[in-house]
Each structure stands twice: as C-alpha cells, then as structure tokens.
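S.K.: Please see the structure below; I have some questions.
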Amino acid sequence: MEVLDDSSALLSNFEVYSLLKDLQTGKKGQKKPTKHQQSLATISYETIKFLEKTPCSDQTEESISKFLQALAPYKLTKAEKLQLLNHRPTTAVEIQLLIEESEERLTEEQIEELLDVIANCFSDGSVQEENSEPMDESQT
C-alpha cells in the first residue's frame, strides 16, 4: 500500500455518514449509472445502513463540538478522541481499550469523569423519560 496524501485527515463516523447521506440525496437526478457507479452506490448504501446502527446517527455537529471541548483537559491524541467519539464507551474497561496506556495516563476519577462527559454530551434524555414514565404509571 502506498501513501498518496500524507496530509489527509481522520474522519469520524458522523462525517462519513453525513457525506454519504448528502451524496445519496444529490444523485436523484442522474441518468442510468455505469457499472462502476452501481458498485459505488451499493457500497454507499451498505455503509449508510451500517452507520445508522451506530452512535453516529444520533450525533450533531453541536454535540461533537461540545464533546471535543470537554475532552481538552485530558490530553488525548486525535486518534483517541476519534475512537471515543465513534464508539462512545460506557464502561471503564472500554476506555482502557481505546486509550493507550490509560492506567498510567489517567486516574480512576478521570476515567469516571470521561464516562460522565460522554454520557452528558450525547444523552438526549428521551431514554430516561421513556423508562421512568411506565414505572410511574404502574405504581399508581
């Protein structure tokens, strides 16, 4: 494999998902696609379907910006921030898998803070409300 452009940037799942959705909606007026374009359309479709099942489908540009600002004090690499964004870990073990040498670089309190940051930046509140409403109704 040859590196063609060493200045290329990392893309989050959200950015890929957004780009593919934009391309999908922009192709409606095209004529009959070539065989190559049909293969590309299949790959794009399958990728969109996969990404819809991941956390990126619920993310917004604002929530990502808020998340990245909240990660600033932890001195994480770009790749580690990207992995946290894409995977949105919910346990300390998952954080240890995503952050290199996390045991040496982060304290247990910082790991818990990271989990709180992830939960706060990407929580929409609807899950908690849905879970609490049926419990209230059944108790009365």
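In the structure tokens, chains take letters A, B, ... by order of appearance, with residues numbered from 1 within each chain and ligands from 1 in the order shown.
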Please identify all polymer residues within 10 Å of region 108-118 of chain A, counting only C-alpha atoms, omitting same-chain residues fewer than 5 positions from it, and present them as an mmCIF file with N, CA, C and O atoms, in the first residue's frame.
M.R.:
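And here is the file that came out, around.cif:
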data_model
loop_
_atom_site.group_PDB
_atom_site.id
_atom_site.type_symbol
_atom_site.label_atom_id
_atom_site.label_comp_id
_atom_site.auth_asym_id
_atom_site.auth_seq_id
_atom_site.Cartn_x
_atom_site.Cartn_y
_atom_site.Cartn_z
ATOM 1 N N LYS A 66 -19.121 20.194 21.438
ATOM 2 C CA LYS A 66 -19.192 20.222 22.905
ATOM 3 C C LYS A 66 -18.350 19.086 23.504
ATOM 4 O O LYS A 66 -17.619 19.281 24.476
ATOM 5 N N PHE A 67 -18.432 17.921 22.892
ATOM 6 C CA PHE A 67 -17.685 16.760 23.362
ATOM 7 C C PHE A 67 -16.180 16.993 23.261
ATOM 8 O O PHE A 67 -15.429 16.735 24.201
ATOM 9 N N LEU A 68 -15.727 17.487 22.126
ATOM 10 C CA LEU A 68 -14.296 17.714 21.928
ATOM 11 C C LEU A 68 -13.756 18.786 22.870
ATOM 12 O O LEU A 68 -12.626 18.679 23.357
ATOM 13 N N ALA A 70 -14.932 19.358 25.847
ATOM 14 C CA ALA A 70 -14.915 18.737 27.172
ATOM 15 C C ALA A 70 -13.739 17.780 27.340
ATOM 16 O O ALA A 70 -13.298 17.528 28.470
ATOM 17 N N LEU A 71 -13.200 17.261 26.240
ATOM 18 C CA LEU A 71 -12.061 16.339 26.300
ATOM 19 C C LEU A 71 -10.715 17.048 26.411
ATOM 20 O O LEU A 71 -9.706 16.408 26.694
ATOM 21 N N PRO A 73 -9.064 18.862 28.628
ATOM 22 C CA PRO A 73 -8.172 18.720 29.793
ATOM 23 C C PRO A 73 -7.498 17.353 29.924
ATOM 24 O O PRO A 73 -6.558 17.215 30.706
ATOM 25 N N TYR A 74 -7.928 16.365 29.172
ATOM 26 C CA TYR A 74 -7.412 15.003 29.345
ATOM 27 C C TYR A 74 -6.178 14.691 28.504
ATOM 28 O O TYR A 74 -5.610 13.618 28.624
ATOM 29 N N LEU A 84 -13.129 7.578 20.895
ATOM 30 C CA LEU A 84 -14.143 7.839 21.922
ATOM 31 C C LEU A 84 -15.422 8.363 21.281
ATOM 32 O O LEU A 84 -16.526 7.985 21.682
ATOM 33 N N LEU A 85 -15.276 9.223 20.284
ATOM 34 C CA LEU A 85 -16.431 9.776 19.585
ATOM 35 C C LEU A 85 -17.188 8.692 18.828
ATOM 36 O O LEU A 85 -18.416 8.616 18.887
ATOM 37 N N ARG A 88 -18.213 5.721 21.712
ATOM 38 C CA ARG A 88 -18.946 6.176 22.899
ATOM 39 C C ARG A 88 -18.978 5.105 23.991
ATOM 40 O O ARG A 88 -20.023 4.533 24.309
ATOM 41 N N PRO A 89 -17.828 4.833 24.606
ATOM 42 C CA PRO A 89 -17.761 3.781 25.633
ATOM 43 C C PRO A 89 -18.629 4.105 26.844
ATOM 44 O O PRO A 89 -18.857 5.269 27.170
ATOM 45 N N THR A 90 -19.101 3.050 27.500
ATOM 46 C CA THR A 90 -19.950 3.219 28.675
ATOM 47 C C THR A 90 -19.335 2.623 29.935
ATOM 48 O O THR A 90 -19.909 2.763 31.010
ATOM 49 N N THR A 91 -18.193 1.958 29.800
ATOM 50 C CA THR A 91 -17.534 1.357 30.961
ATOM 51 C C THR A 91 -16.054 1.725 30.964
ATOM 52 O O THR A 91 -15.483 2.076 29.933
ATOM 53 N N ALA A 92 -15.443 1.596 32.133
ATOM 54 C CA ALA A 92 -14.014 1.885 32.283
ATOM 55 C C ALA A 92 -13.172 0.925 31.443
ATOM 56 O O ALA A 92 -12.131 1.316 30.897
ATOM 57 N N VAL A 93 -13.612 -0.303 31.316
ATOM 58 C CA VAL A 93 -12.876 -1.285 30.524
ATOM 59 C C VAL A 93 -12.809 -0.841 29.062
ATOM 60 O O VAL A 93 -11.757 -0.944 28.420
ATOM 61 N N GLU A 94 -13.897 -0.347 28.538
ATOM 62 C CA GLU A 94 -13.905 0.121 27.151
ATOM 63 C C GLU A 94 -12.946 1.296 26.969
ATOM 64 O O GLU A 94 -12.253 1.384 25.955
ATOM 65 N N ILE A 95 -12.888 2.183 27.941
ATOM 66 C CA ILE A 95 -11.953 3.310 27.860
ATOM 67 C C ILE A 95 -10.520 2.807 27.872
ATOM 68 O O ILE A 95 -9.671 3.290 27.122
ATOM 69 N N GLN A 96 -10.240 1.810 28.700
ATOM 70 C CA GLN A 96 -8.894 1.251 28.745
ATOM 71 C C GLN A 96 -8.501 0.623 27.416
ATOM 72 O O GLN A 96 -7.337 0.630 27.032
ATOM 73 N N SER A 102 -3.798 3.859 29.373
ATOM 74 C CA SER A 102 -4.752 4.632 30.171
ATOM 75 C C SER A 102 -4.512 4.481 31.667
ATOM 76 O O SER A 102 -4.769 5.407 32.430
ATOM 77 N N GLU A 103 -4.004 3.320 32.081
ATOM 78 C CA GLU A 103 -3.748 3.103 33.503
ATOM 79 C C GLU A 103 -2.676 4.056 34.021
ATOM 80 O O GLU A 103 -2.709 4.473 35.177
ATOM 81 N N SER A 123 -26.295 12.451 25.573
ATOM 82 C CA SER A 123 -27.591 11.982 26.063
ATOM 83 C C SER A 123 -28.672 12.915 25.546
ATOM 84 O O SER A 123 -28.509 14.129 25.527
#
S.K.: Can you measure CA of Thr47 (chain A) to CA of Tyr17 (chain A) for me? One decimal in Å is fine.
M.R.: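 So the answer is 8.0 Å.
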S.K.: Expressed in Å to a single decimal, how great is the separation between CA of Gln69 (chain A) and CA of Cys121 (chain A)?
M.R.: 10.3 Å
S.K.: Report, in Å with one decimal, the straight-line distance from CA of Lys81 (chain A) to CA of Ile48 (chain A).
M.R.: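 Result for CA of Lys81 (chain A) versus CA of Ile48 (chain A): 22.3 Å, one decimal.
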S.K.: Please identify all polymer residues within 12 Å of Glu101 (chain A), counting only C-alpha atoms, omitting same-chain residues fewer than 5 positions from it, and present them as a list of chain:residue names.
M.R.: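 So, after excluding close chain neighbours, the residues are A:Leu76, A:Thr77, A:Glu80, A:Ile95, A:Gln96, A:Leu106, A:Thr107.
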S.K.: Extract, using only C-alpha atoms, all DNA, RNA and protein residues at most 9 Å from Ser44 (chain A), discarding same-chain residues fewer than 6 positions from it, and format them as a list in words.
M.R.: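 What passes the distance filter is Leu20, Lys21, Leu23 and Gln24 of chain A.
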S.K.: Could you write out that same residue set with C-alpha atoms as a CSV table (one decimal), in the first residue's frame?
M.R.:
chain,number,residue,atom,x,y,z
A,20,LEU,CA,-22.8,9.6,2.2
A,21,LYS,CA,-26.3,10.8,3.1
A,23,LEU,CA,-24.3,12.2,-1.8
A,24,GLN,CA,-27.3,9.9,-1.8
S.K.: DSSP on the backbone: what in region 25-105 of chain A comes out alpha helix (DSSP H), as a PyMOL selection string?
M.R.: chain A and resi 25-26+35-51+61-71+78-87+92-98+102-105
S.K.: Would you save the residues of that selection, restricted to C-alpha atoms, as a short mmCIF file (atom, residue, chain, number, x, y, z; two decimals), in the first residue's frame?
M.R.:
data_model
loop_
_atom_site.label_atom_id
_atom_site.label_comp_id
_atom_site.auth_asym_id
_atom_site.auth_seq_id
_atom_site.Cartn_x
_atom_site.Cartn_y
_atom_site.Cartn_z
CA THR A 25 -29.82 12.69 -1.83
CA GLY A 26 -27.90 14.57 -4.55
CA LYS A 35 -21.43 -0.45 -13.77
CA HIS A 36 -18.76 1.27 -11.63
CA GLN A 37 -21.30 3.75 -10.25
CA GLN A 38 -23.70 0.89 -9.43
CA SER A 39 -21.00 -0.75 -7.32
CA LEU A 40 -20.29 2.53 -5.60
CA ALA A 41 -23.99 3.04 -4.92
CA THR A 42 -24.19 -0.43 -3.33
CA ILE A 43 -21.19 0.25 -1.14
CA SER A 44 -22.59 3.63 -0.11
CA TYR A 45 -25.99 2.12 0.67
CA GLU A 46 -24.49 -0.68 2.78
CA THR A 47 -22.24 1.77 4.62
CA ILE A 48 -25.17 4.08 5.41
CA LYS A 49 -27.22 1.14 6.69
CA PHE A 50 -24.33 0.07 8.92
CA LEU A 51 -23.68 3.58 10.26
CA GLU A 61 -22.19 18.95 14.93
CA GLU A 62 -23.00 20.84 18.14
CA SER A 63 -22.79 17.74 20.35
CA ILE A 64 -19.48 16.75 18.76
CA SER A 65 -18.04 20.23 19.27
CA LYS A 66 -19.19 20.22 22.90
CA PHE A 67 -17.69 16.76 23.36
CA LEU A 68 -14.30 17.71 21.93
CA GLN A 69 -14.13 20.83 24.10
CA ALA A 70 -14.92 18.74 27.17
CA LEU A 71 -12.06 16.34 26.30
CA LYS A 78 -6.59 12.93 17.93
CA ALA A 79 -6.97 9.22 17.28
CA GLU A 80 -8.09 8.56 20.87
CA LYS A 81 -10.65 11.37 20.71
CA LEU A 82 -11.92 9.97 17.42
CA GLN A 83 -12.27 6.49 18.89
CA LEU A 84 -14.14 7.84 21.92
CA LEU A 85 -16.43 9.78 19.58
CA ASN A 86 -17.10 6.81 17.30
CA HIS A 87 -17.52 4.15 19.98
CA ALA A 92 -14.01 1.89 32.28
CA VAL A 93 -12.88 -1.29 30.52
CA GLU A 94 -13.90 0.12 27.15
CA ILE A 95 -11.95 3.31 27.86
CA GLN A 96 -8.89 1.25 28.75
CA LEU A 97 -9.19 -0.50 25.39
CA LEU A 98 -9.47 2.76 23.44
CA SER A 102 -4.75 4.63 30.17
CA GLU A 103 -3.75 3.10 33.50
CA GLU A 104 -0.64 5.28 33.53
CA ARG A 105 -2.11 8.42 31.94
#
S.K.: Between A:Leu10, A:Phe122, A:Leu19, A:Ile99, single out the one closest to Pro55 (chain A), counting only C-alpha atoms.
M.R.: A:Phe122
